[in-house]
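*Asks:* Take a look at final08.pdb, PDB, C-alpha atoms and all ligand atoms:
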```pdb
ATOM      1  CA  MET F 956      -0.501  11.019  -4.097
ATOM      2  CA  GLU F 957       1.333   7.730  -4.260
ATOM      3  CA  ILE F 958      -0.139   4.660  -5.910
ATOM      4  CA  ILE F 959       1.333   1.369  -4.711
ATOM      5  CA  GLY F 960       0.650  -1.079  -7.553
ATOM      6  CA  GLU F 961      -1.088  -4.162  -6.135
ATOM      7  CA  ARG F 962      -0.628  -6.540  -9.059
ATOM      8  CA  ILE F 963       2.597  -8.422  -8.258
ATOM      9  CA  ASN F 964       0.893 -10.639  -5.707
ATOM     10  CA  GLY F 965       0.729 -14.437  -5.594
ATOM     11  CA  MET F 966      -2.997 -14.011  -4.969
ATOM     12  CA  PHE F 967      -3.315 -13.469  -8.737
ATOM     13  CA  SER F 968      -3.171 -16.665 -10.785
ATOM     14  CA  ASP F 969      -0.634 -15.414 -13.355
ATOM     15  CA  ILE F 970       1.835 -14.384 -10.626
ATOM     16  CA  LYS F 971       1.238 -17.633  -8.745
ATOM     17  CA  GLN F 972       2.032 -19.535 -11.927
ATOM     18  CA  ALA F 973       5.097 -17.373 -12.622
ATOM     19  CA  ILE F 974       6.443 -18.334  -9.177
ATOM     20  CA  ILE F 975       5.821 -22.035  -9.792
ATOM     21  CA  ASP F 976       7.429 -21.923 -13.257
ATOM     22  CA  GLU F 977      10.164 -19.470 -12.192
ATOM     23  CA  ASN F 978       9.214 -17.548 -15.316
ATOM     24  CA  PRO F 979       9.593 -13.770 -14.798
ATOM     25  CA  GLU F 980       7.510 -12.781 -17.855
ATOM     26  CA  ALA F 981       4.256 -11.886 -16.047
ATOM     27  CA  VAL F 982       6.135 -10.131 -13.246
ATOM     28  CA  VAL F 983       8.101  -8.016 -15.716
ATOM     29  CA  LYS F 984       4.903  -7.197 -17.623
ATOM     30  CA  TRP F 985       3.147  -5.905 -14.488
ATOM     31  CA  ALA F 986       6.231  -4.094 -13.186
ATOM     32  CA  VAL F 987       6.471  -2.144 -16.453
ATOM     33  CA  LYS F 988       2.730  -1.576 -16.872
ATOM     34  CA  GLN F 989       2.152  -0.324 -13.327
ATOM     35  CA  THR F 990       5.192   1.939 -13.541
ATOM     36  CA  GLU F 991       3.970   3.369 -16.855
ATOM     37  CA  MET F 992       0.630   4.100 -15.209
ATOM     38  CA  GLY F 993       2.373   6.175 -12.545
ATOM     39  CA  ALA F 994       2.788   3.723  -9.653
ATOM     40  CA  ALA F 995       5.305   5.137  -7.153
ATOM     41  CA  TRP F 996       5.810   1.730  -5.533
ATOM     42  CA  LEU F 997       5.227  -1.886  -6.493
ATOM     43  CA  ASP F 998       3.684  -4.051  -3.783
ATOM     44  CA  ILE F 999       5.394  -7.452  -3.784
ATOM     45  CA  SER F1000       3.604 -10.374  -2.126
ATOM     46  CA  VAL F1001       4.283 -14.091  -2.590
ATOM     47  CA  GLY F1002       0.696 -14.903  -1.588
ATOM     48  CA  ALA F1003      -0.445 -17.531   0.879
ATOM     49  CA  SER F1004       0.316 -20.670  -1.102
ATOM     50  CA  ALA F1005       3.963 -20.338  -2.197
ATOM     51  CA  ALA F1006       5.796 -23.629  -1.568
ATOM     52  CA  ASP F1007       9.036 -21.798  -0.726
ATOM     53  CA  PRO F1008       8.172 -18.196   0.252
ATOM     54  CA  ARG F1009      11.826 -17.219   0.647
ATOM     55  CA  LYS F1010      12.725 -18.299  -2.863
ATOM     56  CA  ALA F1011       9.491 -16.826  -4.246
ATOM     57  CA  LEU F1012      10.128 -13.396  -2.712
ATOM     58  CA  LYS F1013      13.680 -13.311  -4.086
ATOM     59  CA  PHE F1014      12.332 -14.250  -7.515
ATOM     60  CA  LEU F1015       9.644 -11.509  -7.477
ATOM     61  CA  ILE F1016      12.073  -8.833  -6.234
ATOM     62  CA  GLU F1017      14.729  -9.708  -8.791
ATOM     63  CA  ALA F1018      12.253  -9.938 -11.673
ATOM     64  CA  SER F1019      10.768  -6.529 -10.776
ATOM     65  CA  GLN F1020      14.099  -4.804 -10.256
ATOM     66  CA  GLY F1021      15.418  -6.283 -13.481
ATOM     67  CA  ALA F1022      12.662  -4.465 -15.357
ATOM     68  CA  VAL F1023      12.107  -1.131 -13.573
ATOM     69  CA  ASP F1024      13.649   1.194 -10.989
ATOM     70  CA  THR F1025      10.355   1.669  -9.137
ATOM     71  CA  PRO F1026      10.882   1.076  -5.416
ATOM     72  CA  LEU F1027       9.179  -1.912  -3.821
ATOM     73  CA  SER F1028       6.706  -2.452  -1.021
ATOM     74  CA  LEU F1029       7.513  -5.751   0.707
ATOM     75  CA  ASP F1030       4.143  -7.219   1.669
ATOM     76  CA  SER F1031       4.549  -9.941   4.289
ATOM     77  CA  THR F1032       3.913 -10.624   7.962
ATOM     78  CA  ASN F1033       7.062 -12.764   8.165
ATOM     79  CA  TYR F1034       9.715 -10.311   9.305
ATOM     80  CA  ASP F1035      12.657 -12.627   8.705
ATOM     81  CA  LEU F1036      11.476 -12.831   5.115
ATOM     82  CA  ILE F1037      11.130  -9.036   4.951
ATOM     83  CA  GLU F1038      14.670  -8.631   6.258
ATOM     84  CA  GLU F1039      16.011 -10.914   3.525
ATOM     85  CA  GLY F1040      14.045  -8.848   1.022
ATOM     86  CA  LEU F1041      15.497  -5.612   2.386
ATOM     87  CA  GLU F1042      18.971  -6.965   1.642
ATOM     88  CA  LEU F1043      17.988  -7.474  -2.009
ATOM     89  CA  CYS F1044      16.313  -4.103  -2.615
ATOM     90  CA  ARG F1045      18.312  -1.617  -4.644
ATOM     91  CA  GLN F1046      16.296   1.264  -3.229
ATOM     92  CA  PRO F1047      14.899   1.632   0.285
ATOM     93  CA  PRO F1048      11.489  -0.073   0.189
ATOM     94  CA  LEU F1049       8.261   0.187   2.122
ATOM     95  CA  ILE F1050       7.821  -2.474   4.798
ATOM     96  CA  ASN F1051       4.204  -3.624   4.460
ATOM     97  CA  SER F1052       3.339  -3.954   7.310
ATOM     98  CA  CYS F1053       3.584  -3.741  11.107
ATOM     99  CA  HIS F1054       0.693  -4.410  13.492
ATOM    100  CA  ALA F1055       0.335  -2.166  16.547
ATOM    101  CA  ASP F1056       1.735  -4.833  18.895
ATOM    102  CA  ARG F1057       4.789  -4.037  20.985
ATOM    103  CA  HIS F1058       6.797  -7.129  19.989
ATOM    104  CA  LYS F1059       6.163  -6.437  16.294
ATOM    105  CA  ILE F1060       7.098  -2.774  16.642
ATOM    106  CA  GLU F1061      10.316  -3.861  18.379
ATOM    107  CA  ARG F1062      11.161  -6.106  15.437
ATOM    108  CA  VAL F1063      10.113  -3.815  12.567
ATOM    109  CA  PHE F1064      11.044  -0.256  13.542
ATOM    110  CA  PRO F1065      14.781  -0.854  14.202
ATOM    111  CA  MET F1066      14.929  -2.847  10.954
ATOM    112  CA  ALA F1067      13.343   0.081   9.064
ATOM    113  CA  ILE F1068      15.845   2.512  10.549
ATOM    114  CA  LYS F1069      18.758   0.200   9.692
ATOM    115  CA  TYR F1070      17.749  -0.118   6.022
ATOM    116  CA  GLY F1071      16.290   3.389   5.565
ATOM    117  CA  ALA F1072      12.909   1.828   4.806
ATOM    118  CA  LYS F1073       9.467   3.328   5.355
ATOM    119  CA  VAL F1074       6.804   1.470   7.340
ATOM    120  CA  ILE F1075       3.100   0.799   6.878
ATOM    121  CA  GLY F1076       1.588   0.512  10.351
ATOM    122  CA  LEU F1077      -1.796  -1.187  10.671
ATOM    123  CA  ALA F1078      -4.540   0.067  12.985
ATOM    124  CA  MET F1079      -4.998  -3.439  14.345
ATOM    125  CA  SER F1080      -3.359  -5.701  16.915
ATOM    126  CA  GLU F1081      -3.240  -9.372  17.794
ATOM    127  CA  ASP F1082      -5.559  -8.801  20.771
ATOM    128  CA  SER F1083      -8.222  -6.657  19.133
ATOM    129  CA  GLY F1084      -7.911  -7.831  15.522
ATOM    130  CA  ILE F1085      -9.404  -5.114  13.321
ATOM    131  CA  PRO F1086     -11.453  -3.069  15.795
ATOM    132  CA  LYS F1087     -14.920  -1.977  14.783
ATOM    133  CA  THR F1088     -14.805   1.618  15.995
ATOM    134  CA  SER F1089     -12.632   4.489  14.829
ATOM    135  CA  ASP F1090     -11.783   5.297  18.484
ATOM    136  CA  GLU F1091     -10.147   1.891  18.928
ATOM    137  CA  ARG F1092      -8.312   2.156  15.589
ATOM    138  CA  VAL F1093      -7.098   5.645  16.422
ATOM    139  CA  ALA F1094      -5.710   4.374  19.750
ATOM    140  CA  LEU F1095      -3.730   1.683  17.899
ATOM    141  CA  ALA F1096      -2.530   4.176  15.282
ATOM    142  CA  MET F1097      -1.333   6.381  18.140
ATOM    143  CA  GLU F1098       0.853   3.509  19.419
ATOM    144  CA  LEU F1099       2.572   3.416  16.038
ATOM    145  CA  VAL F1100       3.006   7.186  15.921
ATOM    146  CA  ALA F1101       4.546   7.128  19.419
ATOM    147  CA  ALA F1102       6.856   4.311  18.303
ATOM    148  CA  ALA F1103       8.042   6.394  15.324
ATOM    149  CA  ASP F1104       8.996   9.152  17.755
ATOM    150  CA  GLU F1105      10.654   6.693  20.092
ATOM    151  CA  TYR F1106      12.763   4.978  17.415
ATOM    152  CA  GLY F1107      13.497   8.102  15.379
ATOM    153  CA  LEU F1108      11.563   7.046  12.270
ATOM    154  CA  PRO F1109      10.679  10.304  10.460
ATOM    155  CA  MET F1110       6.920  10.840  10.746
ATOM    156  CA  ARG F1111       6.563  11.159   6.967
ATOM    157  CA  ASP F1112       8.090   7.663   6.642
ATOM    158  CA  LEU F1113       5.258   6.165   8.679
ATOM    159  CA  TYR F1114       2.160   5.251   6.681
ATOM    160  CA  ILE F1115      -0.894   4.424   8.794
ATOM    161  CA  ASP F1116      -3.433   2.012   7.309
ATOM    162  CA  PRO F1117      -6.881   2.363   8.938
ATOM    163  CA  LEU F1118      -7.848  -0.934   7.214
ATOM    164  CA  LEU F1119     -10.597  -1.393   4.667
ATOM    165  CA  LEU F1120     -12.827  -4.466   4.545
ATOM    166  CA  PRO F1121     -15.171  -5.739   1.812
ATOM    167  CA  ILE F1122     -18.364  -3.694   1.935
ATOM    168  CA  ASN F1123     -20.555  -6.706   1.174
ATOM    169  CA  VAL F1124     -19.690  -8.280   4.538
ATOM    170  CA  ALA F1125     -18.583  -5.242   6.565
ATOM    171  CA  GLN F1126     -20.485  -2.240   5.278
ATOM    172  CA  ASP F1127     -20.318  -0.510   8.665
ATOM    173  CA  HIS F1128     -16.499  -0.405   8.655
ATOM    174  CA  PHE F1129     -15.809   2.068   5.851
ATOM    175  CA  VAL F1130     -17.061   5.137   7.749
ATOM    176  CA  GLU F1131     -14.964   4.061  10.736
ATOM    177  CA  ALA F1132     -11.885   3.806   8.500
ATOM    178  CA  LEU F1133     -12.630   7.260   7.053
ATOM    179  CA  GLU F1134     -12.879   8.783  10.527
ATOM    180  CA  THR F1135      -9.677   7.008  11.603
ATOM    181  CA  LEU F1136      -7.917   8.495   8.582
ATOM    182  CA  ARG F1137      -9.079  12.016   9.466
ATOM    183  CA  GLN F1138      -7.806  11.607  13.029
ATOM    184  CA  VAL F1139      -4.471  10.158  11.857
ATOM    185  CA  LYS F1140      -3.812  13.268   9.792
ATOM    186  CA  LEU F1141      -4.169  15.347  13.005
ATOM    187  CA  MET F1142      -1.871  13.207  15.128
ATOM    188  CA  ALA F1143       1.428  14.971  14.633
ATOM    189  CA  ASP F1144       2.966  17.862  12.729
ATOM    190  CA  PRO F1145       4.150  16.825  10.233
ATOM    191  CA  SER F1146       1.509  14.108  10.260
ATOM    192  CA  PRO F1147       2.089  10.482   9.382
ATOM    193  CA  LYS F1148       0.928   9.495   5.924
ATOM    194  CA  ALA F1149      -2.320   7.602   5.423
ATOM    195  CA  VAL F1150      -2.534   4.541   3.163
ATOM    196  CA  CYS F1151      -5.273   2.004   2.321
ATOM    197  CA  GLY F1152      -5.536  -1.339   0.555
ATOM    198  CA  LEU F1153      -8.236  -0.020  -1.756
ATOM    199  CA  SER F1154      -9.297  -3.212  -3.548
ATOM    200  CA  ASN F1155     -10.194  -4.882  -0.243
ATOM    201  CA  THR F1156     -13.356  -2.737  -0.281
ATOM    202  CA  SER F1157     -14.772  -4.474  -3.320
ATOM    203  CA  GLN F1158     -13.535  -8.061  -2.898
ATOM    204  CA  ARG F1159     -16.182 -10.545  -3.986
ATOM    205  CA  CYS F1160     -18.535  -7.683  -4.901
ATOM    206  CA  ALA F1161     -20.171  -6.988  -8.249
ATOM    207  CA  HIS F1162     -19.154  -3.731  -9.963
ATOM    208  CA  ARG F1163     -15.742  -3.620  -8.334
ATOM    209  CA  ASN F1164     -14.430  -0.702 -10.390
ATOM    210  CA  ILE F1165     -17.127   1.761  -9.372
ATOM    211  CA  ILE F1166     -16.793   0.758  -5.702
ATOM    212  CA  ASN F1167     -13.008   1.208  -5.809
ATOM    213  CA  ARG F1168     -13.293   4.525  -7.627
ATOM    214  CA  THR F1169     -15.908   5.993  -5.304
ATOM    215  CA  ALA F1170     -14.077   4.802  -2.198
ATOM    216  CA  LEU F1171     -10.780   6.264  -3.427
ATOM    217  CA  VAL F1172     -12.291   9.684  -4.048
ATOM    218  CA  MET F1173     -13.861   9.718  -0.572
ATOM    219  CA  LEU F1174     -10.576   8.625   1.019
ATOM    220  CA  ILE F1175      -8.628  11.306  -0.858
ATOM    221  CA  GLY F1176     -11.184  13.829   0.430
ATOM    222  CA  ALA F1177     -10.369  12.675   3.971
ATOM    223  CA  GLY F1178      -6.613  13.113   3.446
ATOM    224  CA  LEU F1179      -5.353   9.839   1.939
ATOM    225  CA  ASP F1180      -1.697  10.047   0.827
ATOM    226  CA  ALA F1181      -1.205   6.615  -0.736
ATOM    227  CA  ALA F1182      -3.251   3.641  -1.943
ATOM    228  CA  ILE F1183      -2.373   0.039  -2.679
ATOM    229  CA  ALA F1184      -4.483  -0.143  -5.800
ATOM    230  CA  ASN F1185      -4.954  -1.348  -9.341
ATOM    231  CA  ALA F1186      -2.752   1.138 -11.202
ATOM    232  CA  SER F1187      -3.867  -0.229 -14.569
ATOM    233  CA  ASP F1188      -7.469   0.919 -13.997
ATOM    234  CA  VAL F1189      -7.455   4.103 -16.095
ATOM    235  CA  ASP F1190     -10.773   5.365 -14.692
ATOM    236  CA  LEU F1191      -9.484   4.895 -11.162
ATOM    237  CA  MET F1192      -6.304   6.824 -11.871
ATOM    238  CA  ASP F1193      -8.300   9.591 -13.597
ATOM    239  CA  ALA F1194     -10.690   9.820 -10.638
ATOM    240  CA  ALA F1195      -7.736  10.149  -8.250
ATOM    241  CA  ALA F1196      -6.196  12.844 -10.439
ATOM    242  CA  THR F1197      -9.480  14.740 -10.671
ATOM    243  CA  ALA F1198     -10.061  14.536  -6.914
ATOM    244  CA  ARG F1199      -6.606  16.006  -6.322
ATOM    245  CA  VAL F1200      -7.320  18.905  -8.693
ATOM    246  CA  LEU F1201     -10.729  19.558  -7.092
ATOM    247  CA  LEU F1202      -9.064  19.664  -3.673
ATOM    248  CA  ASN F1203      -6.583  22.202  -5.080
ATOM    249  CA  LYS F1204      -3.685  19.838  -4.421
ATOM    250  CA  GLU F1205      -2.541  19.799  -8.072
ATOM    251  CA  ILE F1206      -2.395  22.472 -10.748
ATOM    252  CA  TYR F1207      -5.253  22.201 -13.231
ATOM    253  CA  CYS F1208      -4.637  21.993 -16.940
ATOM    254  CA  ASP F1209      -6.846  20.712 -19.744
ATOM    255  CA  SER F1210      -5.061  17.402 -20.013
ATOM    256  CA  TYR F1211      -4.496  16.877 -16.302
ATOM    257  CA  ALA F1212      -5.901  13.354 -16.294
ATOM    258  CA  ASP F1213      -3.509  12.219 -19.016
ATOM    259  CA  LEU F1214      -0.638  13.729 -17.098
ATOM    260  CA  PHE F1215      -1.227  11.278 -14.302
ATOM    261  CA  LYS F1216      -0.636   8.381 -16.655
ATOM    262  CA  ALA F1217       2.648   9.659 -18.019
ATOM    263  CA  PRO F1218       5.604   8.167 -16.190
ATOM    264  CA  ARG F1219       7.604  11.369 -16.701
ATOM    265  CA  TYR F1220       5.041  13.275 -14.658
ATOM    266  CA  LYS F1221       5.736  11.750 -11.283
ATOM    267  CA  ILE F1222       2.794  13.156  -9.405
ATOM    268  CA  PHE F1223       2.143   9.734  -7.873
ATOM    269  CA  GLY F1224       5.750   9.672  -6.744
ATOM    270  CA  ALA F1225       5.811  13.043  -5.054
TER     271      ALA F1225
HETATM  272  N1  LIG F1301      -3.329  -3.076   3.630
HETATM  273  C1  LIG F1301      -2.002  -3.285   3.465
HETATM  274  N2  LIG F1301      -1.511  -4.200   2.614
HETATM  275  C2  LIG F1301      -2.360  -4.983   1.906
HETATM  276  C3  LIG F1301      -3.751  -4.804   2.029
HETATM  277  C4  LIG F1301      -4.225  -3.813   2.931
HETATM  278  N3  LIG F1301      -1.864  -5.916   1.038
HETATM  279  C5  LIG F1301      -2.748  -6.865   0.387
HETATM  280  C6  LIG F1301      -4.091  -6.220   0.090
HETATM  281  N4  LIG F1301      -4.598  -5.575   1.265
HETATM  282  C7  LIG F1301      -3.971  -5.217  -1.038
HETATM  283  N5  LIG F1301      -3.766  -5.880  -2.291
HETATM  284  C8  LIG F1301      -4.802  -6.520  -2.951
HETATM  285  C9  LIG F1301      -4.492  -7.253  -4.085
HETATM  286  C10 LIG F1301      -5.489  -7.887  -4.780
HETATM  287  C11 LIG F1301      -6.802  -7.817  -4.354
HETATM  288  C12 LIG F1301      -7.120  -7.073  -3.245
HETATM  289  C13 LIG F1301      -6.113  -6.406  -2.539
HETATM  290  C14 LIG F1301      -7.871  -8.542  -5.093
HETATM  291  N6  LIG F1301      -7.549  -9.691  -5.704
HETATM  292  C15 LIG F1301      -8.467 -10.505  -6.454
HETATM  293  C16 LIG F1301      -9.602 -11.005  -5.543
HETATM  294  O1  LIG F1301      -9.331 -11.373  -4.383
HETATM  295  O2  LIG F1301     -10.752 -11.049  -6.005
HETATM  296  C17 LIG F1301      -7.709 -11.696  -7.011
HETATM  297  C18 LIG F1301      -8.518 -12.474  -7.986
HETATM  298  C19 LIG F1301      -7.871 -12.589  -9.337
HETATM  299  O3  LIG F1301      -8.105 -11.718 -10.158
HETATM  300  O4  LIG F1301      -7.101 -13.549  -9.538
HETATM  301  O5  LIG F1301      -8.998  -8.125  -5.099
HETATM  302  O6  LIG F1301      -5.420  -3.589   3.100
HETATM  303  N7  LIG F1301      -1.161  -2.517   4.174
END
```
As structure tokens - that is how I would like this structure written.
*Replies:*
Amino acid sequence: MEIIGERINGMFSDIKQAIIDENPEAVVKWAVKQTEMGAAWLDISVGASAADPRKALKFLIEASQGAVDTPLSLDSTNYDLIEEGLELCRQPPLINSCHADRHKIERVFPMAIKYGAKVIGLAMSEDSGIPKTSDERVALAMELVAAADEYGLPMRDLYIDPLLLPINVAQDHFVEALETLRQVKLMADPSPKAVCGLSNTSQRCAHRNIINRTALVMLIGAGLDAAIANASDVDLMDAAATARVLLNKEIYCDSYADLFKAPRYKIFGA
């Protein structure tokens, strides 16, 4: 199980301020904290409001890499920006993300191959947006799987995101995402990986932690390999660890939950 720490994102006010002030303190703090909690990757997003996204991305990458060796997930829909980021990464990152549109695949997949990066492919397209049904999402995921074959991207380097939406406005979507995930894990052998942006589920909801925790356990039950999530939520990390033990994917021991929090025990990096 890989946790992709969500916290270095200009959507959060402290990171937004760090970008404005060019002060790496908050970025370093979250890079270290998420890594200590077992994050295998750090998602890096400048957010929607950065005055100079290019400069902001460079700042976030350099601040993170100055503090930890944890590989990065470059979260942007601007592929020129991603390519500049790829040049700065000391370790091959995750490209987050590529829609299932031909012209985007043609831009992203060769770039991933060139830099040895992995790719998060979204089960959505410009035409259909985020489809309602799992059948439509599965069809889009299939396009991405076929593209991995075509371009020679190893299947285990493709992460398919069935896309989660806030349950308070789109309650009917979660079951569709779950079914998409199950189908994705049957698409090839070896299968692509499955990833979700977990915190989307609870945006603008009360009781976010319990929603995130419950959703994560259900997703792990359906075969989830990775989650963009709040790595500093101890209960969330413990729930993920427990789910993995219950599914017989990890060896049980009395202090298994603590093990997931220790950086030396890289279960979330495996
Ligand atoms: N799939 C992929 N990438 C993604 C997402 C996804 N990247 C972005 C996002 N979704 C995952 N990351 C976050 C980060 C933060 C929040 C949700 C998802 C979040 N932020 C608070 C909020 O909006 O309420 C910020 C408020 C604050 O505390 O300042 O919830 O789905 N591939």
*Asks:* Up to 12 Å from (5.6, 1.1, 1.1) in the file's coordinates: name the residues, counting all atoms listed in the file, as a PyMOL selection string.
*Replies:* chain F and resi 957-961+994-999+1025-1031+1046-1053+1067+1071-1076+1111-1116+1148-1152+1180-1183+1224
*Asks:* Take the residues from that selection and put them in a file with C-alpha atoms, as a PDB file, in the coordinates of the input.
*Replies:*
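The file below, part-v5.pdb, is the result:
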```
ATOM      1  CA  GLU F 957       1.333   7.730  -4.260  1.00  0.00           C
ATOM      2  CA  ILE F 958      -0.139   4.660  -5.910  1.00  0.00           C
ATOM      3  CA  ILE F 959       1.333   1.369  -4.711  1.00  0.00           C
ATOM      4  CA  GLY F 960       0.650  -1.079  -7.553  1.00  0.00           C
ATOM      5  CA  GLU F 961      -1.088  -4.162  -6.135  1.00  0.00           C
ATOM      6  CA  ALA F 994       2.788   3.723  -9.653  1.00  0.00           C
ATOM      7  CA  ALA F 995       5.305   5.137  -7.153  1.00  0.00           C
ATOM      8  CA  TRP F 996       5.810   1.730  -5.533  1.00  0.00           C
ATOM      9  CA  LEU F 997       5.227  -1.886  -6.493  1.00  0.00           C
ATOM     10  CA  ASP F 998       3.684  -4.051  -3.783  1.00  0.00           C
ATOM     11  CA  ILE F 999       5.394  -7.452  -3.784  1.00  0.00           C
ATOM     12  CA  THR F1025      10.355   1.669  -9.137  1.00  0.00           C
ATOM     13  CA  PRO F1026      10.882   1.076  -5.416  1.00  0.00           C
ATOM     14  CA  LEU F1027       9.179  -1.912  -3.821  1.00  0.00           C
ATOM     15  CA  SER F1028       6.706  -2.452  -1.021  1.00  0.00           C
ATOM     16  CA  LEU F1029       7.513  -5.751   0.707  1.00  0.00           C
ATOM     17  CA  ASP F1030       4.143  -7.219   1.669  1.00  0.00           C
ATOM     18  CA  SER F1031       4.549  -9.941   4.289  1.00  0.00           C
ATOM     19  CA  GLN F1046      16.296   1.264  -3.229  1.00  0.00           C
ATOM     20  CA  PRO F1047      14.899   1.632   0.285  1.00  0.00           C
ATOM     21  CA  PRO F1048      11.489  -0.073   0.189  1.00  0.00           C
ATOM     22  CA  LEU F1049       8.261   0.187   2.122  1.00  0.00           C
ATOM     23  CA  ILE F1050       7.821  -2.474   4.798  1.00  0.00           C
ATOM     24  CA  ASN F1051       4.204  -3.624   4.460  1.00  0.00           C
ATOM     25  CA  SER F1052       3.339  -3.954   7.310  1.00  0.00           C
ATOM     26  CA  CYS F1053       3.584  -3.741  11.107  1.00  0.00           C
ATOM     27  CA  ALA F1067      13.343   0.081   9.064  1.00  0.00           C
ATOM     28  CA  GLY F1071      16.290   3.389   5.565  1.00  0.00           C
ATOM     29  CA  ALA F1072      12.909   1.828   4.806  1.00  0.00           C
ATOM     30  CA  LYS F1073       9.467   3.328   5.355  1.00  0.00           C
ATOM     31  CA  VAL F1074       6.804   1.470   7.340  1.00  0.00           C
ATOM     32  CA  ILE F1075       3.100   0.799   6.878  1.00  0.00           C
ATOM     33  CA  GLY F1076       1.588   0.512  10.351  1.00  0.00           C
ATOM     34  CA  ARG F1111       6.563  11.159   6.967  1.00  0.00           C
ATOM     35  CA  ASP F1112       8.090   7.663   6.642  1.00  0.00           C
ATOM     36  CA  LEU F1113       5.258   6.165   8.679  1.00  0.00           C
ATOM     37  CA  TYR F1114       2.160   5.251   6.681  1.00  0.00           C
ATOM     38  CA  ILE F1115      -0.894   4.424   8.794  1.00  0.00           C
ATOM     39  CA  ASP F1116      -3.433   2.012   7.309  1.00  0.00           C
ATOM     40  CA  LYS F1148       0.928   9.495   5.924  1.00  0.00           C
ATOM     41  CA  ALA F1149      -2.320   7.602   5.423  1.00  0.00           C
ATOM     42  CA  VAL F1150      -2.534   4.541   3.163  1.00  0.00           C
ATOM     43  CA  CYS F1151      -5.273   2.004   2.321  1.00  0.00           C
ATOM     44  CA  GLY F1152      -5.536  -1.339   0.555  1.00  0.00           C
ATOM     45  CA  ASP F1180      -1.697  10.047   0.827  1.00  0.00           C
ATOM     46  CA  ALA F1181      -1.205   6.615  -0.736  1.00  0.00           C
ATOM     47  CA  ALA F1182      -3.251   3.641  -1.943  1.00  0.00           C
ATOM     48  CA  ILE F1183      -2.373   0.039  -2.679  1.00  0.00           C
ATOM     49  CA  GLY F1224       5.750   9.672  -6.744  1.00  0.00           C
TER      50      GLY F1224
END
```
*Asks:* Just checking: using only C-alpha atoms and all ligand atoms, which residue out of F:Ala1003, F:Leu1077, F:Leu1041, F:Leu1015 ends up closest to ligand LIG 1301 (chain F)?
*Replies:*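 Counting only C-alpha atoms and all ligand atoms, the residue closest to ligand LIG 1301 (chain F) is F:Leu1077.
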*Asks:* Using only C-alpha atoms and all ligand atoms, find the one residue out of F:Ile970, F:Met1097, F:Ala1195, F:Leu1108 that sits nearest to ligand LIG 1301 (chain F).
*Replies:*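 Smallest separation from ligand LIG 1301 (chain F) among the options: F:Ile970.
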*Asks:* Taking (1.2, 2.7, -16.3) as a centre in this file's frame and 10 Å as the limit, can you find every polymer residue with an atom that close, using all atoms listed in the file, and give them as number ranges by chain?
*Replies:* F: 960, 985-994, 1186-1189, 1192, 1215-1218
*Asks:* Between F:Gln1158, F:Leu1191, F:Arg1045, F:Asn1033, single out the one closest to ligand LIG 1301 (chain F), counting all atoms listed in the file.
*Replies:*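 Of F:Gln1158, F:Leu1191, F:Arg1045, F:Asn1033, the one nearest ligand LIG 1301 (chain F), counting all atoms listed in the file, is F:Gln1158.
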*Asks:* Which value, in Å to one decimal, gives the distance between atom CA of Phe967 of chain F and atom CA of Ala1132 of chain F?
*Replies:*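 Pair atom CA of Phe967 of chain F / atom CA of Ala1132 of chain F returns 25.9 Å.
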*Asks:* How far is it from atom CA of Ser1019 of chain F to atom CA of Ser1154 of chain F, in Å with one decimal?
*Replies:* 21.6 Å
*Asks:* Just to confirm, what's the straight-line distance from atom CA of Leu1012 of chain F to atom CA of Ala1184 of chain F in Å (one decimal)?
*Replies:*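 Taking atom CA of Leu1012 of chain F as the start and atom CA of Ala1184 of chain F as the end point, the length is 20.0 Å.
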*Asks:* When you count all atoms listed in the file, which of these residues is closest to Thr1169 of chain F: F:Met1079, F:Glu1098, F:Lys1140, F:Phe1129?
*Replies:*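 Ranked by minimum distance to Thr1169 of chain F, first place goes to F:Phe1129.
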*Asks:* May I ask which of the residues F:Leu1118, F:Val983, F:Leu1036, F:Ala1096 is the closest one to ligand LIG 1301 (chain F), counting all atoms listed in the file?
*Replies:*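 With all atoms listed in the file as the atom set, the closest residue is F:Leu1118.
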*Asks:* Could you check the closest approach to Leu1153 of chain F for each of F:Lys1204, F:Arg1199, F:Lys1087, F:Arg1168 and tell me which residue wins, using all atoms listed in the file?
*Replies:* F:Arg1168
